[in-house]
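Undergrad: Data: start-v5.txt, compact mmCIF, C-alpha atoms.
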```txt
# COMPACT_ATOMS: atom_id res chain seq x y z
CA MET T 37 57.49 12.82 -175.52
CA LYS T 38 56.84 11.99 -179.17
CA ILE T 39 59.89 11.75 -181.38
CA LYS T 40 59.72 11.57 -185.14
CA PHE T 41 62.05 9.21 -186.98
CA PRO T 42 64.27 9.16 -188.96
CA VAL T 43 66.51 11.70 -187.23
CA PRO T 44 69.67 12.96 -188.97
CA LEU T 45 72.72 11.82 -187.01
CA ASP T 46 74.00 15.40 -186.76
CA GLN T 47 70.82 16.28 -184.84
CA ILE T 48 71.45 13.69 -182.14
CA GLU T 49 73.32 14.49 -178.94
CA ILE T 50 73.76 12.72 -175.62
CA HIS T 51 75.05 14.99 -172.86
CA ILE T 52 76.02 14.01 -169.33
CA GLU T 53 77.37 16.43 -166.77
CA ALA T 54 78.48 14.96 -163.47
CA GLY T 55 78.95 17.46 -160.66
CA PRO T 56 80.82 17.43 -157.37
CA CYS T 57 80.00 15.51 -154.23
CA PHE T 58 81.40 15.06 -150.75
CA GLY T 59 84.19 12.70 -151.69
CA GLU T 60 85.99 11.46 -154.76
CA CYS T 61 83.26 11.06 -157.32
CA PRO T 62 84.13 11.55 -160.97
CA MET T 63 83.22 15.04 -162.22
CA PHE T 64 83.03 15.49 -165.95
CA ASP T 65 81.26 16.89 -168.94
CA LEU T 66 80.57 14.51 -171.80
CA VAL T 67 78.94 15.13 -175.15
CA ILE T 68 78.35 12.34 -177.67
CA ARG T 69 77.04 13.35 -181.06
CA GLY T 70 75.08 11.11 -183.40
CA THR T 71 77.97 11.23 -185.86
CA GLY T 72 80.16 9.52 -183.26
CA GLU T 73 82.16 12.58 -182.18
CA VAL T 74 82.81 12.67 -178.45
CA ASP T 75 83.95 15.68 -176.39
CA PHE T 76 85.05 14.90 -172.88
CA GLU T 77 86.29 17.12 -170.10
CA ASN T 78 87.47 15.57 -166.87
CA ARG T 79 86.75 18.00 -164.04
CA SER T 80 87.49 15.65 -161.14
CA TRP T 81 89.62 17.36 -158.50
CA HIS T 82 91.29 14.08 -157.57
CA LEU T 83 92.14 13.05 -161.14
CA PRO T 84 94.32 14.69 -163.80
CA ARG T 85 92.33 17.46 -165.50
CA GLU T 86 91.97 16.84 -169.20
CA LYS T 87 89.96 17.73 -172.27
CA ARG T 88 89.87 15.43 -175.23
CA SER T 89 87.91 14.58 -178.33
CA PHE T 90 87.61 11.22 -179.99
CA THR T 91 85.12 9.19 -181.98
CA ILE T 92 83.03 6.09 -181.46
CA GLU T 93 81.08 4.13 -184.07
CA THR T 94 77.70 5.50 -185.11
CA ASP T 95 76.32 2.03 -184.34
CA GLN T 96 77.45 2.53 -180.74
CA VAL T 97 75.53 5.81 -180.57
CA LYS T 98 72.54 3.97 -182.02
CA ASP T 99 72.83 1.36 -179.26
CA LEU T 100 72.94 4.10 -176.62
CA ILE T 101 69.80 5.72 -178.04
CA ALA T 102 68.11 2.29 -178.09
CA ALA T 103 69.15 1.85 -174.45
CA ALA T 104 67.66 5.25 -173.58
CA PHE T 105 64.34 4.12 -175.05
CA GLU T 106 64.61 0.79 -173.26
CA ILE T 107 64.92 2.47 -169.85
CA GLY T 108 62.05 4.85 -170.59
CA PHE T 109 64.33 7.90 -170.46
CA PHE T 110 61.96 10.02 -172.52
CA GLU T 111 59.07 9.39 -170.12
CA MET T 112 61.00 9.98 -166.91
CA GLN T 113 60.25 12.83 -164.56
CA ARG T 114 62.45 15.92 -164.93
CA ASN T 115 64.05 15.86 -161.47
CA PHE T 116 64.98 13.21 -158.97
CA GLU T 117 66.00 15.12 -155.88
CA SER T 118 64.96 13.09 -152.86
CA GLU T 119 64.93 9.59 -151.45
CA THR T 120 61.45 8.15 -151.10
CA ARG T 121 60.31 5.88 -148.31
CA TYR T 122 56.94 4.25 -147.90
CA THR T 123 55.31 3.50 -144.57
CA LEU T 124 52.25 1.36 -144.16
CA GLN T 125 50.05 2.48 -141.29
CA SER T 126 47.88 0.15 -139.26
CA ASP T 127 44.72 1.56 -140.90
CA GLY T 128 46.00 0.47 -144.31
CA MET T 129 47.06 3.93 -145.48
CA LEU T 130 50.35 3.99 -147.32
CA ILE T 131 52.36 7.14 -146.70
CA ARG T 132 55.15 8.41 -148.90
CA ASP T 133 57.90 10.53 -147.33
CA ASN T 134 60.62 12.34 -149.22
CA PHE T 135 64.05 12.78 -147.66
CA TYR T 136 66.36 15.51 -148.85
CA MET T 137 70.09 15.19 -148.33
CA THR T 138 73.11 17.23 -149.25
CA ASP T 139 76.55 16.42 -150.64
CA HIS T 140 75.46 13.81 -153.15
CA GLN T 141 76.37 14.03 -156.81
CA LEU T 142 74.08 15.72 -159.29
CA ARG T 143 74.13 14.13 -162.73
CA LYS T 144 72.47 16.03 -165.52
CA PHE T 145 71.41 13.95 -168.49
CA SER T 146 70.06 15.32 -171.71
CA ILE T 147 69.34 13.65 -175.02
CA LYS T 148 68.53 15.61 -178.14
CA LEU T 149 66.79 13.87 -181.01
CA GLY T 150 65.99 16.25 -183.84
CA ASP T 151 64.01 19.16 -182.46
CA LYS T 152 63.21 17.43 -179.15
CA THR T 153 65.42 17.48 -176.08
CA LYS T 154 64.71 15.50 -172.94
CA ARG T 155 66.49 16.43 -169.70
CA VAL T 156 66.68 14.46 -166.49
CA ASP T 157 68.49 15.70 -163.38
CA ALA T 158 69.44 12.82 -161.11
CA TYR T 159 70.52 13.66 -157.59
CA LEU T 160 68.77 11.24 -155.25
CA GLY T 161 66.11 8.57 -155.50
CA TYR T 162 66.42 8.09 -159.23
CA PRO T 163 65.61 4.73 -160.86
CA GLN T 164 68.34 2.11 -160.95
CA ARG T 165 68.01 1.91 -164.71
CA LEU T 166 69.36 5.45 -164.99
CA GLU T 167 72.48 4.32 -163.12
CA TRP T 168 72.70 1.41 -165.56
CA PHE T 169 72.50 3.84 -168.50
CA TYR T 170 75.17 6.10 -166.96
CA LYS T 171 77.55 3.17 -166.65
CA LEU T 172 76.71 1.94 -170.13
CA VAL T 173 77.63 5.33 -171.62
CA LEU T 174 80.94 5.33 -169.77
CA ARG T 175 81.66 1.75 -170.83
CA VAL T 176 80.82 2.36 -174.49
CA THR T 177 83.02 5.46 -174.63
CA GLY T 178 85.80 3.72 -172.68
CA LEU T 179 85.78 6.52 -170.11
CA ASP T 180 84.96 4.21 -167.22
CA ILE T 181 88.64 3.32 -166.90
CA CYS T 182 90.08 6.84 -166.68
CA LEU T 183 87.27 7.91 -164.34
CA GLY T 184 87.68 4.85 -162.13
CA VAL T 185 84.03 3.83 -162.50
CA ASP T 186 83.18 0.17 -162.16
CA ALA T 187 80.92 -0.05 -165.20
CA MET A 108 49.44 8.75 -164.97
CA LYS A 109 50.38 9.60 -161.42
CA ILE A 110 49.59 7.69 -158.28
CA HIS A 111 48.92 9.95 -155.32
CA PHE A 112 49.78 9.43 -151.67
CA PRO A 113 48.63 8.77 -149.03
CA LEU A 114 47.09 5.75 -150.68
CA ASP A 115 44.51 3.42 -149.17
CA LEU A 116 46.23 0.09 -149.71
CA ASN A 117 42.89 -1.69 -149.31
CA SER A 118 41.82 -0.10 -152.60
CA LEU A 119 44.83 -1.48 -154.46
CA GLU A 120 44.73 -4.50 -156.72
CA ILE A 121 47.41 -6.00 -158.93
CA ARG A 122 46.38 -8.27 -161.79
CA VAL A 123 48.45 -10.25 -164.23
CA GLU A 124 47.18 -12.37 -167.08
CA THR A 125 49.41 -14.33 -169.42
CA GLU A 126 48.39 -15.96 -172.66
CA SER A 127 50.30 -18.24 -174.94
CA PHE A 128 49.12 -19.13 -178.43
CA PHE A 129 51.26 -22.24 -178.74
CA ALA A 130 50.89 -23.43 -175.17
CA PRO A 131 47.54 -22.17 -173.86
CA GLU A 132 47.91 -24.34 -170.78
CA ASP A 133 50.83 -22.14 -169.67
CA GLY A 134 48.60 -19.09 -169.37
CA PHE A 135 47.56 -17.98 -165.91
CA LYS A 136 45.63 -15.26 -164.11
CA LEU A 137 46.82 -13.71 -160.90
CA ARG A 138 44.92 -11.28 -158.71
CA LEU A 139 46.41 -9.74 -155.59
CA THR A 140 44.52 -7.30 -153.40
CA GLY A 141 46.07 -4.64 -151.21
CA SER A 142 45.17 -6.64 -148.13
CA GLY A 143 47.27 -9.51 -149.45
CA GLU A 144 44.57 -11.84 -150.75
CA LEU A 145 45.93 -13.79 -153.67
CA GLU A 146 44.03 -15.73 -156.32
CA PHE A 147 46.03 -17.69 -158.81
CA GLU A 148 44.20 -19.42 -161.64
CA TRP A 149 46.17 -21.84 -163.74
CA HIS A 150 44.64 -24.59 -165.86
CA HIS A 151 47.81 -26.54 -166.35
CA PRO A 152 47.79 -30.36 -166.39
CA ARG A 153 50.58 -30.23 -163.82
CA THR A 154 48.41 -28.63 -161.18
CA PRO A 155 45.66 -30.56 -159.39
CA ASP A 156 43.84 -27.38 -158.38
CA PRO A 157 43.24 -24.72 -161.05
CA LEU A 158 42.44 -22.05 -158.46
CA ILE A 159 44.86 -21.48 -155.63
CA THR A 160 44.27 -18.86 -152.96
CA ARG A 161 46.49 -17.68 -150.18
CA LYS A 162 47.17 -14.61 -148.11
CA ILE A 163 50.51 -12.87 -148.18
CA PRO A 164 51.78 -10.10 -145.88
CA ARG A 165 50.68 -6.60 -146.90
CA GLN A 166 54.31 -5.51 -146.87
CA GLU A 167 54.83 -7.73 -149.91
CA VAL A 168 52.09 -5.80 -151.70
CA VAL A 169 53.83 -2.56 -150.75
CA ALA A 170 57.12 -3.95 -152.09
CA LEU A 171 55.42 -4.77 -155.39
CA LEU A 172 53.94 -1.29 -155.63
CA GLU A 173 57.41 0.13 -154.96
CA ALA A 174 58.76 -2.13 -157.73
CA ALA A 175 56.08 -0.81 -160.10
CA LEU A 176 57.09 2.76 -159.27
CA GLU A 177 60.79 1.92 -159.68
CA ILE A 178 60.28 0.57 -163.20
CA GLY A 179 58.13 3.53 -164.22
CA PHE A 180 55.07 1.33 -164.72
CA PHE A 181 52.66 4.24 -164.50
CA GLU A 182 54.50 6.18 -167.22
CA MET A 183 54.63 3.26 -169.65
CA ARG A 184 52.62 2.99 -172.82
CA ASP A 185 49.37 1.04 -172.59
CA ARG A 186 50.35 -1.43 -175.31
CA TYR A 187 53.61 -2.87 -176.62
CA GLU A 188 52.81 -4.84 -179.74
CA GLU A 189 55.73 -4.50 -182.16
CA GLU A 190 59.39 -5.31 -182.07
CA VAL A 191 61.41 -2.12 -182.40
CA VAL A 192 64.79 -2.00 -184.09
CA PHE A 193 67.01 1.05 -184.48
CA GLU A 194 69.06 1.36 -187.61
CA VAL A 195 71.63 3.80 -188.99
CA THR A 196 70.60 4.41 -192.59
CA PRO A 197 73.06 4.95 -195.47
CA ASP A 198 71.98 8.61 -195.76
CA GLY A 199 73.19 9.31 -192.21
CA SER A 200 70.02 9.13 -190.15
CA LEU A 201 68.83 7.09 -187.23
CA ASP A 202 65.63 5.26 -188.01
CA ARG A 203 63.24 3.37 -185.80
CA ILE A 204 61.70 0.37 -187.49
CA GLN A 205 58.68 -1.47 -186.14
CA ASN A 206 58.24 -5.13 -186.98
CA PHE A 207 55.00 -6.94 -186.45
CA VAL A 208 55.42 -10.47 -185.14
CA THR A 209 52.90 -13.20 -184.52
CA ASP A 210 52.33 -16.07 -182.12
CA LEU A 211 54.29 -14.70 -179.17
CA PRO A 212 53.03 -15.11 -175.60
CA SER A 213 51.62 -11.98 -174.01
CA THR A 214 51.26 -10.61 -170.51
CA THR A 215 48.78 -7.99 -169.37
CA PHE A 216 49.59 -6.14 -166.16
CA GLU A 217 46.99 -4.07 -164.41
CA ILE A 218 47.16 -2.03 -161.23
CA ARG A 219 43.97 -0.57 -159.82
CA TRP A 220 43.68 1.88 -156.98
CA GLY A 221 40.49 3.64 -155.97
CA LYS A 222 38.74 4.64 -159.18
CA HIS A 223 41.94 4.55 -161.20
CA LYS A 224 43.72 1.88 -163.14
CA LYS A 225 46.78 1.51 -165.30
CA SER A 226 47.27 -1.47 -167.55
CA VAL A 227 50.12 -2.47 -169.82
CA TYR A 228 49.79 -5.09 -172.54
CA ALA A 229 53.21 -6.60 -173.20
CA TYR A 230 53.44 -8.64 -176.36
CA ALA A 231 56.54 -7.54 -178.28
CA GLY A 232 59.09 -4.77 -177.97
CA TYR A 233 58.20 -4.06 -174.36
CA PRO A 234 60.78 -2.87 -171.81
CA LYS A 235 62.71 -5.75 -170.27
CA ARG A 236 62.03 -4.44 -166.80
CA LEU A 237 58.48 -5.74 -167.16
CA ASP A 238 59.95 -9.26 -167.12
CA TRP A 239 61.73 -8.34 -163.90
CA PHE A 240 58.46 -7.03 -162.49
CA LEU A 241 56.65 -10.24 -163.42
CA ALA A 242 59.35 -12.30 -161.73
CA ALA A 243 59.03 -10.11 -158.62
CA ILE A 244 55.25 -10.63 -158.54
CA LEU A 245 55.60 -14.40 -158.89
CA GLU A 246 58.31 -14.58 -156.24
CA ARG A 247 56.68 -12.33 -153.67
CA THR A 248 53.27 -14.00 -154.01
CA GLY A 249 54.79 -17.47 -153.90
CA ALA A 250 53.31 -18.32 -157.32
CA MET A 251 56.79 -19.14 -158.57
CA GLU A 252 56.68 -22.38 -156.55
CA TRP A 253 53.62 -23.48 -158.48
CA ILE A 254 54.71 -22.67 -162.00
CA GLY A 255 58.46 -23.06 -161.61
CA PRO A 256 61.10 -20.44 -162.38
CA LEU A 257 60.83 -18.36 -165.52
CA ASP A 258 63.43 -18.88 -168.21
CA GLU A 259 66.67 -17.18 -167.26
CA GLU A 260 66.37 -14.99 -170.33
CA ASP A 261 62.91 -13.86 -169.29
CA ALA A 262 63.75 -13.27 -165.66
```
Take the structure from the file and write it as structure tokens.

TA:
Amino acid sequence: MKIKFPVPLDQIEIHIEAGPCFGECPMFDLVIRGTGEVDFENRSWHLPREKRSFTIETDQVKDLIAAAFEIGFFEMQRNFESETRYTLQSDGMLIRDNFYMTDHQLRKFSIKLGDKTKRVDAYLGYPQRLEWFYKLVLRVTGLDICLGVDA
Amino acid sequence: MKIHFPLDLNSLEIRVETESFFAPEDGFKLRLTGSGELEFEWHHPRTPDPLITRKIPRQEVVALLEAALEIGFFEMRDRYEEEVVFEVTPDGSLDRIQNFVTDLPSTTFEIRWGKHKKSVYAYAGYPKRLDWFLAAILERTGAMEWIGPLDEEDA
């Protein structure tokens, strides 16, 4: 995905929606705008429901966008929905098997930069760097504490 | 670029070449085949033998291919040559500034399979996970024992 810079801050948006799972995983909807405005809705059934808006520094948003580039977010595949395992056969053929499982958490990421929006749905088998980015976003916004995420 | 499975591991080859302008003796070439044959060429005064060969288990090659897939190697750009800095401008925009730098060491990674190949030239502004991948290659092939650990910052 080719993105043209500069991008006006009001045309930048990072959106993460974390869905339910079998257990106590944090469910929420989070929107961070390039101007630093943050809208957060805690949807976790095991935590107090809340909606709140606050701001972070525009430099922090910049750092999150830089992190998204660092992890190759804009080149990632659209969906990660299965675990992958590789098996080497005796004839030297390497087989890839996909395993589908239920009751895990679906995290929907999207980042809008100007007129381009990149979406990644992460359910299973997604790269560790996406988990790192998820935790970074929660740490930068300070939401890791109220959601009980070890970021 | 996508890698398709099933894959004949015998057709796989991983190559790494490092170059350093200021310390050319630090540069090395590594070639690992899918069957586990390793060639490590290093003309450093510290090593008595500039060409070391050994065989490693094929599972280590599989682990390195998995590492390449994990870091999104096949989706990376072919060349990383400029430092990239993001900046919030006074007019309220996010800009991406590219700075050209000289005299840095470089690493070229190449993975071949069948008639296909993907290479990445990492000089400046490349994703840090390439350093992790390099460390994994050196550890799993045993080359780390010959050249010593990478700087903590690099690894």

Undergrad: Please list as a ChimeraX atom specification every residue within 10 Å of Gly178 (chain T), counting all atoms listed in the file and excluding residues in the same chain fewer than 6 positions away.

TA: /T:92,172,187

Undergrad: Could you give me, as a compact mmCIF listing (two decimals) with C-alpha atoms, in the coordinates of the input, the residues within 8 Å of region 189-205 of chain A, counting only C-alpha atoms and dropping anything in the same chain fewer than 2 positions from it?

TA:
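So the final result, stored in result.txt, reads:
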```
# COMPACT_ATOMS: atom_id res chain seq x y z
CA PHE T 41 62.05 9.21 -186.98
CA PRO T 42 64.27 9.16 -188.96
CA VAL T 43 66.51 11.70 -187.23
CA PRO T 44 69.67 12.96 -188.97
CA LEU T 45 72.72 11.82 -187.01
CA THR T 94 77.70 5.50 -185.11
CA ASP T 95 76.32 2.03 -184.34
CA LYS T 98 72.54 3.97 -182.02
CA ASP T 99 72.83 1.36 -179.26
CA ALA T 102 68.11 2.29 -178.09
CA TYR A 187 53.61 -2.87 -176.62
CA PHE A 207 55.00 -6.94 -186.45
CA VAL A 208 55.42 -10.47 -185.14
CA TYR A 230 53.44 -8.64 -176.36
CA ALA A 231 56.54 -7.54 -178.28
CA GLY A 232 59.09 -4.77 -177.97
CA TYR A 233 58.20 -4.06 -174.36
```

Undergrad: Residues near Leu119 (chain A), anyone? I mean within 12 Å using all atoms listed in the file, not counting same-chain ones fewer than 3 positions away, as a PyMOL selection string.

TA: (chain T and resi 128-130) or (chain A and resi 110+114-116+122+138-144+165+168-169+171-172+217-225)

Undergrad: Let me make sure I understand: among T:Gln164, T:Thr71, T:Asn134, T:Gln96, which one has the smallest atom-to-atom distance to Gly108 (chain T) if we use only C-alpha atoms?

TA: T:Gln164

Undergrad: Which residues, written as a PDB file with C-alpha atoms, in the frame of the given file, have at least one atom at most 10 Å from Glu126 (chain A), with all atoms listed in the file counted and residues fewer than 3 positions away on the same chain left out?

TA:
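What ended up in around.pdb:
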```pdb
ATOM      1  CA  PHE A 129      51.260 -22.240-178.740  1.00  0.00           C
ATOM      2  CA  ALA A 130      50.890 -23.430-175.170  1.00  0.00           C
ATOM      3  CA  PRO A 131      47.540 -22.170-173.860  1.00  0.00           C
ATOM      4  CA  GLU A 132      47.910 -24.340-170.780  1.00  0.00           C
ATOM      5  CA  ASP A 133      50.830 -22.140-169.670  1.00  0.00           C
ATOM      6  CA  GLY A 134      48.600 -19.090-169.370  1.00  0.00           C
ATOM      7  CA  PHE A 135      47.560 -17.980-165.910  1.00  0.00           C
ATOM      8  CA  LYS A 136      45.630 -15.260-164.110  1.00  0.00           C
ATOM      9  CA  LEU A 211      54.290 -14.700-179.170  1.00  0.00           C
ATOM     10  CA  PRO A 212      53.030 -15.110-175.600  1.00  0.00           C
ATOM     11  CA  SER A 213      51.620 -11.980-174.010  1.00  0.00           C
ATOM     12  CA  THR A 214      51.260 -10.610-170.510  1.00  0.00           C
ATOM     13  CA  THR A 215      48.780  -7.990-169.370  1.00  0.00           C
ATOM     14  CA  TYR A 230      53.440  -8.640-176.360  1.00  0.00           C
TER      15      TYR A 230
END
```

Undergrad: Please provide the set of residues having any atom within 10 Å of Trp168 (chain T), restricted to only C-alpha atoms, with same-chain residues fewer than 5 positions apart removed, written as an mmCIF file with C-alpha atoms, in the coordinates of the input.

TA:
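Saved the output as part.cif:
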```
data_model
loop_
_atom_site.group_PDB
_atom_site.id
_atom_site.type_symbol
_atom_site.label_atom_id
_atom_site.label_comp_id
_atom_site.auth_asym_id
_atom_site.auth_seq_id
_atom_site.Cartn_x
_atom_site.Cartn_y
_atom_site.Cartn_z
ATOM 1 C CA ALA T 103 69.150 1.850 -174.450
ATOM 2 C CA ILE T 107 64.920 2.470 -169.850
ATOM 3 C CA PRO T 163 65.610 4.730 -160.860
ATOM 4 C CA VAL T 173 77.630 5.330 -171.620
ATOM 5 C CA ALA T 187 80.920 -0.050 -165.200
#
```

Undergrad: How many Å lie between CA of Gln141 (chain T) and CA of Ala54 (chain T), rounded to one decimal?

TA: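 Calculated distance between CA of Gln141 (chain T) and CA of Ala54 (chain T) is 7.0 Å.
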
Undergrad: If I put a ball of radius 12 Å at (55.7, -2.4, -159.9) in the file's coordinates, which residues poke into it when counting all atoms listed in the file, written as a short mmCIF file (atom, residue, chain, number, x, y, z; two decimals) with C-alpha atoms, in the frame of the given file?

TA:
```cif
data_model
loop_
_atom_site.label_atom_id
_atom_site.label_comp_id
_atom_site.auth_asym_id
_atom_site.auth_seq_id
_atom_site.Cartn_x
_atom_site.Cartn_y
_atom_site.Cartn_z
CA ILE A 110 49.59 7.69 -158.28
CA GLU A 120 44.73 -4.50 -156.72
CA ILE A 121 47.41 -6.00 -158.93
CA ARG A 122 46.38 -8.27 -161.79
CA VAL A 123 48.45 -10.25 -164.23
CA GLU A 167 54.83 -7.73 -149.91
CA VAL A 168 52.09 -5.80 -151.70
CA VAL A 169 53.83 -2.56 -150.75
CA ALA A 170 57.12 -3.95 -152.09
CA LEU A 171 55.42 -4.77 -155.39
CA LEU A 172 53.94 -1.29 -155.63
CA GLU A 173 57.41 0.13 -154.96
CA ALA A 174 58.76 -2.13 -157.73
CA ALA A 175 56.08 -0.81 -160.10
CA LEU A 176 57.09 2.76 -159.27
CA GLU A 177 60.79 1.92 -159.68
CA ILE A 178 60.28 0.57 -163.20
CA GLY A 179 58.13 3.53 -164.22
CA PHE A 180 55.07 1.33 -164.72
CA PHE A 181 52.66 4.24 -164.50
CA GLU A 182 54.50 6.18 -167.22
CA MET A 183 54.63 3.26 -169.65
CA PHE A 216 49.59 -6.14 -166.16
CA GLU A 217 46.99 -4.07 -164.41
CA ILE A 218 47.16 -2.03 -161.23
CA ARG A 219 43.97 -0.57 -159.82
CA LYS A 225 46.78 1.51 -165.30
CA SER A 226 47.27 -1.47 -167.55
CA VAL A 227 50.12 -2.47 -169.82
CA ARG A 236 62.03 -4.44 -166.80
CA LEU A 237 58.48 -5.74 -167.16
CA ASP A 238 59.95 -9.26 -167.12
CA TRP A 239 61.73 -8.34 -163.90
CA PHE A 240 58.46 -7.03 -162.49
CA LEU A 241 56.65 -10.24 -163.42
CA ALA A 242 59.35 -12.30 -161.73
CA ALA A 243 59.03 -10.11 -158.62
CA ILE A 244 55.25 -10.63 -158.54
CA ARG A 247 56.68 -12.33 -153.67
#
```

Undergrad: Rounded to one decimal in Å, what is the spacing between CA of Glu73 (chain T) and CA of Cys61 (chain T)?

TA: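 Atom-to-atom, CA of Glu73 (chain T) to CA of Cys61 (chain T), that is 24.9 Å.
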
Undergrad: If we draw a sphere of 8 Å around (55.6, 7.1, -147.4), which residues have at least one atom in it when counting only C-alpha atoms? Please report them as a VMD selection string.

TA: (chain T and resid 120 to 124 130 to 134) or (chain A and resid 112 to 113)

Undergrad: Could you check how far CA of Thr91 (chain T) sits from CA of Ile48 (chain T), in Å to one decimal?

TA: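 Distance reported for this atom pair: 14.4 Å.
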
Undergrad: So which one's closest to Phe145 (chain T), T:Arg69, T:Arg88, T:His51, T:Arg79? Using all atoms listed in the file, please.

TA: T:His51

Undergrad: Identify which of the residues A:His151, A:Lys109, A:Lys235, A:Arg161 lies closest to chain T, counting only C-alpha atoms when measuring atom-to-atom distances.

TA: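 Smallest separation from chain T among the options: A:Lys235.
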
Undergrad: Of the candidates T:Asp180, T:Glu119, T:Asp65, T:Asp75, which one gets nearest to chain A if we count all atoms listed in the file?

TA: T:Glu119

Undergrad: Output region 150-167 of chain T as a CSV table (one decimal), in the frame of the given file, making sure N, CA and C atoms are there.

TA:
```
chain,number,residue,atom,x,y,z
T,150,GLY,N,66.7,15.3,-183.0
T,150,GLY,CA,66.0,16.2,-183.8
T,150,GLY,C,65.7,17.5,-183.1
T,151,ASP,N,64.4,17.9,-183.1
T,151,ASP,CA,64.0,19.2,-182.5
T,151,ASP,C,63.5,18.9,-181.0
T,152,LYS,N,63.7,17.7,-180.5
T,152,LYS,CA,63.2,17.4,-179.2
T,152,LYS,C,64.4,17.2,-178.2
T,153,THR,N,64.4,17.7,-177.1
T,153,THR,CA,65.4,17.5,-176.1
T,153,THR,C,64.8,17.1,-174.8
T,154,LYS,N,65.2,16.0,-174.2
T,154,LYS,CA,64.7,15.5,-172.9
T,154,LYS,C,65.8,15.6,-171.9
T,155,ARG,N,65.5,16.2,-170.8
T,155,ARG,CA,66.5,16.4,-169.7
T,155,ARG,C,66.0,15.7,-168.4
T,156,VAL,N,67.0,15.1,-167.8
T,156,VAL,CA,66.7,14.5,-166.5
T,156,VAL,C,67.8,14.8,-165.5
T,157,ASP,N,67.5,15.4,-164.4
T,157,ASP,CA,68.5,15.7,-163.4
T,157,ASP,C,68.4,14.6,-162.3
T,158,ALA,N,69.5,13.9,-162.1
T,158,ALA,CA,69.4,12.8,-161.1
T,158,ALA,C,70.3,13.1,-159.9
T,159,TYR,N,69.7,13.3,-158.8
T,159,TYR,CA,70.5,13.7,-157.6
T,159,TYR,C,70.3,12.6,-156.5
T,160,LEU,N,69.1,12.3,-156.2
T,160,LEU,CA,68.8,11.2,-155.2
T,160,LEU,C,67.5,10.5,-155.6
T,161,GLY,N,67.4,9.3,-155.3
T,161,GLY,CA,66.1,8.6,-155.5
T,161,GLY,C,65.7,8.3,-156.9
T,162,TYR,N,66.7,8.3,-157.8
T,162,TYR,CA,66.4,8.1,-159.2
T,162,TYR,C,66.4,6.6,-159.5
T,163,PRO,N,65.7,6.2,-160.6
T,163,PRO,CA,65.6,4.7,-160.9
T,163,PRO,C,67.0,4.1,-161.1
T,164,GLN,N,67.1,2.8,-160.7
T,164,GLN,CA,68.3,2.1,-161.0
T,164,GLN,C,68.7,2.0,-162.4
T,165,ARG,N,67.7,2.0,-163.3
T,165,ARG,CA,68.0,1.9,-164.7
T,165,ARG,C,68.7,3.1,-165.3
T,166,LEU,N,68.6,4.3,-164.6
T,166,LEU,CA,69.4,5.4,-165.0
T,166,LEU,C,70.8,5.3,-164.6
T,167,GLU,N,71.1,4.6,-163.5
T,167,GLU,CA,72.5,4.3,-163.1
T,167,GLU,C,73.1,3.3,-164.1
```
